$ cat final-v4.cif   # mmCIF, C-alpha atoms and all ligand atoms
data_coords
#
loop_
_atom_site.label_atom_id
_atom_site.label_comp_id
_atom_site.auth_asym_id
_atom_site.auth_seq_id
_atom_site.Cartn_x
_atom_site.Cartn_y
_atom_site.Cartn_z
CA MET A 130 -78.53 -207.54 31.07
CA ALA A 131 -80.49 -206.88 34.24
CA ALA A 132 -78.41 -209.27 36.36
CA ASP A 133 -75.20 -207.35 35.77
CA VAL A 134 -76.50 -203.80 35.66
CA VAL A 135 -78.06 -201.97 38.58
CA LEU A 136 -79.39 -198.55 39.42
CA ALA A 137 -76.88 -196.40 41.28
CA VAL A 138 -77.58 -193.14 43.07
CA ASP A 139 -75.17 -190.70 44.69
CA VAL A 140 -77.05 -188.18 46.82
CA GLY A 141 -75.15 -185.00 47.59
CA GLY A 142 -76.16 -181.91 49.50
CA THR A 143 -76.69 -179.97 46.27
CA GLN A 144 -76.80 -182.56 43.47
CA THR A 145 -78.15 -186.06 43.14
CA ARG A 146 -76.63 -188.24 40.43
CA ALA A 147 -78.19 -191.43 39.15
CA ALA A 148 -77.23 -193.91 36.46
CA LEU A 149 -77.12 -197.52 35.42
CA VAL A 150 -73.78 -199.06 36.34
CA ASP A 151 -72.31 -202.48 35.57
CA ARG A 152 -69.77 -204.70 37.36
CA GLU A 153 -66.80 -203.08 35.63
CA GLY A 154 -67.98 -199.63 36.68
CA HIS A 155 -69.26 -198.46 33.30
CA VAL A 156 -71.77 -195.63 33.82
CA MET A 157 -74.76 -195.48 31.46
CA HIS A 158 -77.80 -193.23 31.10
CA ARG A 159 -76.43 -190.78 33.63
CA GLN A 160 -78.72 -188.11 35.08
CA SER A 161 -78.07 -185.29 37.48
CA VAL A 162 -80.80 -183.40 39.32
CA ARG A 163 -80.85 -180.82 42.06
CA THR A 164 -81.25 -182.33 45.54
CA PRO A 165 -84.30 -180.64 47.12
CA ALA A 166 -82.36 -180.60 50.40
CA ASP A 167 -84.53 -177.91 52.02
CA GLU A 168 -87.84 -179.52 51.14
CA GLY A 169 -87.71 -182.54 53.41
CA ALA A 170 -87.00 -186.25 53.08
CA ASP A 171 -90.12 -187.10 51.05
CA ALA A 172 -89.17 -184.58 48.37
CA VAL A 173 -85.67 -186.07 48.16
CA VAL A 174 -87.04 -189.61 47.86
CA SER A 175 -89.48 -188.51 45.20
CA ALA A 176 -86.72 -186.76 43.19
CA ILE A 177 -84.55 -189.91 43.36
CA ALA A 178 -87.45 -192.16 42.31
CA GLN A 179 -88.36 -189.90 39.41
CA SER A 180 -84.79 -189.85 38.17
CA CYS A 181 -84.55 -193.66 38.38
CA ARG A 182 -87.84 -194.17 36.52
CA SER A 183 -86.70 -191.88 33.77
CA ILE A 184 -83.38 -193.74 33.43
CA LEU A 185 -85.12 -197.12 33.26
CA SER A 186 -87.54 -195.87 30.64
CA GLU A 187 -84.72 -194.34 28.58
CA ALA A 188 -82.84 -197.66 28.75
CA GLY A 189 -85.97 -199.64 27.88
CA ILE A 190 -85.73 -201.71 31.08
CA THR A 191 -89.08 -202.95 32.31
CA THR A 192 -87.92 -205.52 34.88
CA ALA A 193 -87.23 -204.59 38.51
CA ILE A 194 -83.50 -204.11 39.02
CA PRO A 195 -81.99 -203.37 42.43
CA LEU A 196 -80.70 -200.00 43.51
CA GLY A 197 -77.57 -199.05 45.45
CA LEU A 198 -77.38 -195.60 46.98
CA CYS A 199 -74.88 -193.52 48.88
CA ALA A 200 -75.57 -190.32 50.76
CA PRO A 201 -73.83 -188.04 53.23
CA GLY A 202 -73.94 -189.69 56.63
CA PRO A 203 -74.18 -190.58 59.25
CA LEU A 204 -76.38 -193.37 57.90
CA ASP A 205 -77.01 -196.69 59.64
CA ALA A 206 -76.52 -198.75 56.51
CA LYS A 207 -77.48 -202.05 58.17
CA ARG A 208 -80.89 -200.80 59.27
CA GLY A 209 -81.30 -198.52 56.24
CA ILE A 210 -81.76 -195.38 58.33
CA ALA A 211 -80.46 -191.85 57.70
CA LEU A 212 -79.44 -190.92 61.25
CA SER A 213 -78.67 -187.20 61.10
CA THR A 214 -77.43 -185.86 57.76
CA PRO A 215 -76.73 -182.19 58.44
CA THR A 216 -77.04 -181.05 54.82
CA ILE A 217 -80.45 -182.59 54.03
CA ARG A 218 -83.57 -181.52 55.92
CA GLY A 219 -85.57 -184.44 57.21
CA PHE A 220 -82.73 -186.97 57.03
CA THR A 221 -83.00 -187.47 60.79
CA ASN A 222 -83.85 -191.01 61.87
CA PHE A 223 -85.45 -191.34 58.45
CA PRO A 224 -86.07 -194.86 57.03
CA LEU A 225 -84.47 -194.04 53.69
CA ARG A 226 -84.08 -197.60 52.42
CA GLN A 227 -87.72 -198.51 53.05
CA ALA A 228 -89.07 -195.24 51.63
CA LEU A 229 -87.12 -195.71 48.39
CA SER A 230 -87.98 -199.36 48.12
CA ASP A 231 -91.68 -198.50 48.53
CA ALA A 232 -91.44 -195.72 45.93
CA LEU A 233 -89.70 -197.84 43.28
CA GLY A 234 -90.78 -201.38 44.16
CA VAL A 235 -87.17 -202.66 44.07
CA PRO A 236 -84.66 -203.83 46.70
CA VAL A 237 -82.49 -200.95 47.93
CA THR A 238 -79.07 -200.93 49.63
CA ILE A 239 -77.71 -197.75 51.21
CA GLU A 240 -74.28 -196.74 52.46
CA ASN A 241 -72.43 -193.71 53.84
CA ASP A 242 -70.78 -191.79 51.01
CA GLY A 243 -67.17 -192.19 52.23
CA PRO A 244 -67.08 -196.01 52.51
CA CYS A 245 -69.15 -196.25 49.34
CA ALA A 246 -66.66 -194.19 47.33
CA ALA A 247 -63.90 -196.35 48.84
CA LEU A 248 -65.72 -199.43 47.57
CA GLY A 249 -65.99 -197.89 44.09
CA GLU A 250 -62.28 -197.11 43.97
CA TRP A 251 -61.42 -200.54 45.39
CA MET A 252 -63.48 -202.52 42.88
CA CYS A 253 -63.09 -200.35 39.77
CA GLY A 254 -60.59 -197.54 40.37
CA ALA A 255 -57.24 -196.70 41.98
CA GLY A 256 -57.63 -199.19 44.84
CA ARG A 257 -57.88 -202.27 42.61
CA GLY A 258 -55.71 -205.21 43.56
CA THR A 259 -55.13 -204.16 47.18
CA GLU A 260 -56.16 -205.93 50.39
CA ASN A 261 -55.65 -202.84 52.53
CA PHE A 262 -56.33 -199.40 51.25
CA VAL A 263 -57.76 -196.10 52.41
CA TYR A 264 -59.73 -193.68 50.30
CA VAL A 265 -59.74 -190.04 51.34
CA THR A 266 -61.90 -187.41 49.69
CA ILE A 267 -60.80 -183.83 50.20
CA SER A 268 -63.49 -181.43 49.03
CA THR A 269 -65.93 -179.30 51.06
CA GLY A 270 -65.03 -181.53 54.00
CA ILE A 271 -62.75 -184.54 54.35
CA GLY A 272 -64.32 -187.98 54.28
CA GLY A 273 -63.12 -191.46 53.63
CA GLY A 274 -63.45 -195.18 53.72
CA VAL A 275 -61.17 -198.01 54.74
CA VAL A 276 -60.60 -201.43 53.22
CA SER A 277 -58.86 -203.62 55.78
CA ASP A 278 -57.75 -207.23 55.20
CA GLY A 279 -59.94 -207.44 52.12
CA HIS A 280 -63.12 -206.07 53.69
CA LEU A 281 -64.79 -202.70 53.67
CA MET A 282 -64.60 -201.54 57.30
CA ARG A 283 -67.93 -200.57 58.78
CA GLY A 284 -67.44 -200.07 62.51
CA ARG A 285 -70.12 -199.35 65.09
CA LEU A 286 -73.26 -198.03 63.35
CA GLY A 287 -71.31 -198.32 60.08
CA LEU A 288 -69.52 -195.09 60.85
CA ALA A 289 -65.87 -196.10 60.38
CA GLY A 290 -63.78 -193.87 58.16
CA HIS A 291 -64.83 -190.42 59.39
CA VAL A 292 -61.21 -189.40 59.01
CA GLY A 293 -62.01 -185.68 58.62
CA HIS A 294 -62.65 -185.36 62.34
CA MET A 295 -59.34 -186.80 63.47
CA PRO A 296 -58.11 -184.12 65.85
CA LEU A 297 -54.71 -182.98 64.67
CA LYS A 298 -54.38 -179.95 66.92
CA THR A 299 -55.83 -179.19 70.34
CA GLU A 300 -55.79 -175.46 69.79
CA SER A 301 -56.48 -173.85 66.45
CA SER A 302 -58.34 -170.89 65.02
CA ALA A 303 -59.75 -173.27 62.43
CA ILE A 304 -63.13 -174.42 63.78
CA CYS A 305 -64.56 -177.53 62.17
CA PHE A 306 -68.10 -178.00 60.87
CA CYS A 307 -68.55 -180.25 63.94
CA GLY A 308 -67.86 -177.27 66.21
CA LYS A 309 -64.44 -178.39 67.44
CA PRO A 310 -61.07 -176.80 66.70
CA GLY A 311 -58.20 -178.52 64.96
CA CYS A 312 -59.97 -181.36 63.11
CA TRP A 313 -58.10 -182.47 59.97
CA GLU A 314 -61.07 -181.25 57.93
CA ALA A 315 -60.87 -177.78 59.51
CA GLU A 316 -57.19 -177.53 58.57
CA ALA A 317 -56.96 -179.19 55.18
CA SER A 318 -60.35 -179.54 53.45
CA GLY A 319 -61.04 -177.85 50.13
CA SER A 320 -63.06 -175.17 51.91
CA ALA A 321 -60.30 -174.57 54.48
CA LEU A 322 -57.61 -174.35 51.78
CA GLN A 323 -59.82 -172.14 49.61
CA LYS A 324 -60.25 -169.74 52.53
CA LYS A 325 -56.50 -169.64 53.10
CA ALA A 326 -55.92 -169.11 49.35
CA LEU A 327 -58.23 -166.08 49.31
CA VAL A 328 -56.51 -164.61 52.39
CA ALA A 329 -53.15 -165.10 50.65
CA GLY A 330 -54.36 -163.08 47.66
CA PHE A 331 -55.13 -165.85 45.19
CA THR A 332 -58.50 -165.97 43.40
CA GLY A 333 -59.00 -169.51 44.66
CA LEU A 334 -57.42 -172.97 44.76
CA PRO A 335 -57.47 -173.51 40.97
CA ASP A 336 -55.48 -170.27 40.71
CA VAL A 337 -52.95 -171.59 43.27
CA PHE A 338 -52.54 -174.90 41.42
CA ALA A 339 -52.16 -173.22 38.01
CA ARG A 340 -49.52 -170.83 39.32
CA ALA A 341 -47.72 -173.60 41.18
CA GLU A 342 -47.51 -175.55 37.90
CA GLY A 343 -45.83 -172.42 36.51
CA ARG A 344 -43.34 -172.60 39.42
CA GLU A 345 -44.43 -169.25 40.92
CA PRO A 346 -42.68 -169.07 44.34
CA LYS A 347 -45.67 -167.75 46.31
CA ALA A 348 -47.93 -170.48 44.94
CA LEU A 349 -45.27 -173.12 45.59
CA SER A 350 -45.00 -172.09 49.23
CA PHE A 351 -48.80 -172.18 49.60
CA VAL A 352 -48.86 -175.68 48.12
CA ALA A 353 -46.04 -176.74 50.46
CA ALA A 354 -48.03 -175.57 53.50
CA ALA A 355 -51.19 -177.28 52.22
CA SER A 356 -49.20 -180.48 51.69
CA ASP A 357 -48.04 -180.30 55.32
CA ASP A 358 -51.65 -180.10 56.52
CA ILE A 359 -52.81 -182.93 54.25
CA ALA A 360 -49.78 -185.09 55.07
CA LEU A 361 -50.45 -184.97 58.84
CA GLY A 362 -53.76 -186.79 58.39
CA VAL A 363 -52.28 -189.26 55.92
CA VAL A 364 -49.50 -190.09 58.43
CA ALA A 365 -52.14 -190.90 61.07
CA ILE A 366 -54.07 -193.06 58.58
CA ILE A 367 -50.95 -195.00 57.54
CA HIS A 368 -49.99 -195.81 61.14
CA LEU A 369 -53.55 -196.87 61.98
CA PHE A 370 -54.34 -199.11 59.00
CA SER A 371 -51.02 -199.95 57.34
CA PRO A 372 -52.54 -199.66 53.85
CA GLU A 373 -50.78 -200.64 50.66
CA ARG A 374 -52.15 -197.50 49.06
CA VAL A 375 -53.82 -194.25 50.08
CA VAL A 376 -56.09 -192.86 47.35
CA ILE A 377 -56.95 -189.18 47.37
CA GLY A 378 -60.09 -187.93 45.62
CA GLY A 379 -62.38 -184.92 45.81
CA GLY A 380 -61.95 -181.43 44.37
CA VAL A 381 -58.51 -180.87 45.93
CA SER A 382 -57.15 -183.85 43.99
CA ASN A 383 -57.34 -181.59 40.91
CA GLY A 384 -54.10 -180.18 42.25
CA PHE A 385 -52.53 -183.61 42.70
CA ASN A 386 -49.80 -182.95 40.12
CA VAL A 387 -48.30 -180.34 42.40
CA LEU A 388 -49.55 -181.64 45.77
CA GLY A 389 -48.85 -185.36 45.32
CA PRO A 390 -45.03 -185.36 45.32
CA LEU A 391 -44.91 -182.98 48.30
CA ILE A 392 -47.42 -185.02 50.29
CA ARG A 393 -45.39 -188.20 49.64
CA GLU A 394 -42.18 -186.47 50.69
CA ARG A 395 -43.68 -185.15 53.91
CA VAL A 396 -45.38 -188.42 54.78
CA ASP A 397 -42.16 -190.39 54.24
CA ALA A 398 -40.26 -187.94 56.43
CA ARG A 399 -42.72 -188.46 59.28
CA VAL A 400 -43.83 -192.13 59.31
CA LEU A 401 -41.97 -194.94 61.08
CA PRO A 402 -39.40 -196.47 58.70
CA PRO A 403 -41.38 -199.63 57.74
CA PHE A 404 -44.27 -197.46 56.52
CA ARG A 405 -42.13 -195.42 54.13
CA GLY A 406 -43.01 -195.67 50.46
CA THR A 407 -46.71 -196.34 51.05
CA GLU A 408 -48.30 -195.46 47.71
CA ILE A 409 -50.25 -192.20 47.71
CA VAL A 410 -52.15 -191.78 44.44
CA ARG A 411 -54.99 -189.81 42.93
CA ALA A 412 -58.46 -191.36 42.74
CA GLY A 413 -59.16 -193.15 39.47
CA LEU A 414 -62.88 -192.52 39.08
CA GLY A 415 -63.05 -188.75 39.53
CA ASP A 416 -66.51 -187.63 40.62
CA ASP A 417 -67.93 -191.10 40.02
CA SER A 418 -66.31 -192.99 42.94
CA GLY A 419 -69.52 -192.81 45.00
CA LEU A 420 -71.87 -193.57 42.12
CA ILE A 421 -69.84 -196.59 40.99
CA GLY A 422 -69.41 -197.72 44.60
CA ALA A 423 -73.19 -197.56 45.12
CA ALA A 424 -73.61 -200.05 42.28
CA GLN A 425 -70.90 -202.34 43.66
CA LEU A 426 -72.75 -202.51 47.01
CA VAL A 427 -75.41 -204.44 45.14
CA LEU A 428 -73.24 -206.24 42.58
CA HIS A 429 -70.59 -207.46 45.06
CA PRO A 430 -72.56 -207.77 48.30
CA HIS A 431 -70.15 -210.31 49.85
CA THR A 432 -67.11 -208.16 49.28
CA ALA A 433 -68.92 -205.07 50.46
CA ALA A 434 -70.22 -206.83 53.59
ZN ZN B 501 -64.65 -181.96 63.14
#
$ encode --input "final-v4.cif" --output "structure tokens"
Amino acid sequence: MAADVVLAVDVGGTQTRAALVDREGHVMHRQSVRTPADEGADAVVSAIAQSCRSILSEAGITTAIPLGLCAPGPLDAKRGIALSTPTIRGFTNFPLRQALSDALGVPVTIENDGPCAALGEWMCGAGRGTENFVYVTISTGIGGGVVSDGHLMRGRLGLAGHVGHMPLKTESSAICFCGKPGCWEAEASGSALQKKALVAGFTGLPDVFARAEGREPKALSFVAAASDDIALGVVAIIHLFSPERVVIGGGVSNGFNVLGPLIRERVDARVLPPFRGTEIVRAGLGDDSGLIGAAQLVLHPHTAA
């Protein structure tokens, strides 16, 4: 069993999820704990280690099995260093891989959350069977990962796929988390759309999506405008990477029933003719793309490399 099942951890700014995951992406003995993001890197490492020990004991596993982990970047995955994660105190030039390996006595592989979720979707979810595909997560921010010619793209410092900071406008009242105006994330992330929904008099994005499903005109026009903002980034991605499929995950994908057809329509109206018809689909693994991808880092190291 141990050879085909590994520990997987998805560290988020508020929640850390851990589980045993196999090659097919089955998630077992799942646990979720609060990320002690304000208490420093050692506290985060200790919370992860505790969760992993408890999973192993619950599963009756006494042998050392490797661990794959993803966390908000930027991380230097090759050197195993958290470079400067803004949402976790102490994740600044922190040797995360070594600290975890010391705490648990097992080999550890780490990766930025966007590429890791892309890997999960590519191996076990909506990206299966493609050689070129891009995963985009639209939630608090916009992140992503790129599979190009059958390889997960890493880029300098392993930072490829930070699609949320593609500048779509030079002037905009929407200021990004990075401090600059007009990033895709500032215009079309879940937080940006939520803010616009509240200003427009909705109780939030779920309210917009529910009313749009009921064909309410005001909600439909909100969804149309949101689709325009999302489509602009997807158009850029398609021209850059020529993917067979763009997979959209994250909280905003809960509205994919109403958003999806409009995004496709707008993308097709804007891309160069040979790019028309590029598949744009909803993520297949829901909230587990990162967790399952973290396991695949270890289970399919050659594909992930
Ligand atoms: Zn930005």
$ residues_near_ligand --input "final-v4.cif" --ligand "ligand ZN 501 (chain B)" --cutoff "9 Å" --atoms "all atoms listed in the file" --output "number ranges by chain"
A: 293-296, 304-315
$ residues_near_point --input "final-v4.cif" --point "(-78.8, -193.2, 32.8)" --cutoff "12 Å" --atoms "all atoms listed in the file" --output "ChimeraX atom specification"
/A:134-138,146-151,155-162,180-190,420
$ closest_residue --input "final-v4.cif" --among "A:Gly284, A:Gly415, A:Gly169, A:Ala355" --to "A:Arg395" --atoms "all atoms listed in the file"
A:Ala355
$ residues_around --input "final-v4.cif" --residues "A:Gly254" --least-positions-apart "3" --cutoff "8 Å" --atoms "all atoms listed in the file" --output "PyMOL selection string"
chain A and resi 249-251+257+412-414+418
$ closest_residue --input "final-v4.cif" --among "A:Gln179, A:Gln323, A:Thr266, A:Asn261" --to "A:Gly362" --atoms "all atoms listed in the file"
A:Thr266
$ atom_distance --input "final-v4.cif" --atom1 "atom CA of A:Gly333" --atom2 "atom CA of A:Val381"
11.4 Å
$ atom_distance --input "final-v4.cif" --atom1 "atom CA of A:Arg283" --atom2 "atom CA of A:Asn241"
9.6 Å
$ build_atoms --input "final-v4.cif" --residues "stretch 157-178 of chain A" --atoms "N, CA, C and O atoms" --output "compact mmCIF listing (two decimals), keeping the file's coordinate frame"
# COMPACT_ATOMS: atom_id res chain seq x y z
N MET A 157 -73.89 -195.68 32.64
CA MET A 157 -74.76 -195.48 31.46
C MET A 157 -76.01 -194.69 31.85
O MET A 157 -76.47 -194.79 32.98
N HIS A 158 -76.55 -193.98 30.90
CA HIS A 158 -77.80 -193.23 31.10
C HIS A 158 -77.75 -192.34 32.35
O HIS A 158 -78.67 -192.29 33.13
N ARG A 159 -76.66 -191.62 32.46
CA ARG A 159 -76.43 -190.78 33.63
C ARG A 159 -77.42 -189.61 33.69
O ARG A 159 -77.74 -189.01 32.67
N GLN A 160 -77.87 -189.29 34.88
CA GLN A 160 -78.72 -188.11 35.08
C GLN A 160 -78.25 -187.37 36.32
O GLN A 160 -77.77 -187.99 37.27
N SER A 161 -78.43 -186.07 36.31
CA SER A 161 -78.07 -185.29 37.48
C SER A 161 -79.22 -184.31 37.75
O SER A 161 -79.65 -183.61 36.84
N VAL A 162 -79.71 -184.33 38.97
CA VAL A 162 -80.80 -183.40 39.32
C VAL A 162 -80.43 -182.68 40.62
O VAL A 162 -79.60 -183.15 41.39
N ARG A 163 -81.08 -181.56 40.83
CA ARG A 163 -80.85 -180.82 42.06
C ARG A 163 -81.42 -181.62 43.23
O ARG A 163 -82.50 -182.21 43.12
N THR A 164 -80.71 -181.68 44.34
CA THR A 164 -81.25 -182.33 45.54
C THR A 164 -82.14 -181.31 46.26
O THR A 164 -81.66 -180.25 46.64
N PRO A 165 -83.44 -181.61 46.42
CA PRO A 165 -84.30 -180.64 47.12
C PRO A 165 -84.06 -180.72 48.63
O PRO A 165 -84.94 -181.08 49.41
N ALA A 166 -82.82 -180.36 49.03
CA ALA A 166 -82.36 -180.60 50.40
C ALA A 166 -83.16 -179.83 51.45
O ALA A 166 -83.21 -180.24 52.61
N ASP A 167 -83.77 -178.72 51.04
CA ASP A 167 -84.53 -177.91 52.02
C ASP A 167 -85.99 -178.31 52.09
O ASP A 167 -86.75 -177.74 52.88
N GLU A 168 -86.41 -179.24 51.24
CA GLU A 168 -87.84 -179.52 51.14
C GLU A 168 -88.28 -180.77 51.90
O GLU A 168 -89.45 -181.16 51.83
N GLY A 169 -87.35 -181.38 52.60
CA GLY A 169 -87.71 -182.54 53.41
C GLY A 169 -87.41 -183.86 52.73
O GLY A 169 -87.17 -183.93 51.52
N ALA A 170 -87.42 -184.93 53.54
CA ALA A 170 -87.00 -186.25 53.08
C ALA A 170 -87.90 -186.80 51.97
O ALA A 170 -87.41 -187.42 51.02
N ASP A 171 -89.22 -186.56 52.06
CA ASP A 171 -90.12 -187.10 51.05
C ASP A 171 -89.81 -186.52 49.67
O ASP A 171 -89.88 -187.22 48.65
N ALA A 172 -89.49 -185.23 49.64
CA ALA A 172 -89.17 -184.58 48.37
C ALA A 172 -87.89 -185.17 47.78
O ALA A 172 -87.79 -185.37 46.57
N VAL A 173 -86.92 -185.49 48.64
CA VAL A 173 -85.67 -186.07 48.16
C VAL A 173 -85.93 -187.47 47.60
O VAL A 173 -85.46 -187.81 46.50
N VAL A 174 -86.71 -188.25 48.33
CA VAL A 174 -87.04 -189.61 47.86
C VAL A 174 -87.77 -189.54 46.53
O VAL A 174 -87.49 -190.30 45.59
N SER A 175 -88.70 -188.61 46.43
CA SER A 175 -89.48 -188.51 45.20
C SER A 175 -88.60 -188.07 44.02
O SER A 175 -88.75 -188.57 42.90
N ALA A 176 -87.63 -187.18 44.27
CA ALA A 176 -86.72 -186.76 43.19
C ALA A 176 -85.84 -187.94 42.74
O ALA A 176 -85.60 -188.12 41.54
N ILE A 177 -85.38 -188.75 43.71
CA ILE A 177 -84.55 -189.91 43.36
C ILE A 177 -85.38 -190.90 42.53
O ILE A 177 -84.93 -191.40 41.49
N ALA A 178 -86.60 -191.17 42.99
CA ALA A 178 -87.45 -192.16 42.31
C ALA A 178 -87.76 -191.71 40.89
O ALA A 178 -87.70 -192.51 39.94
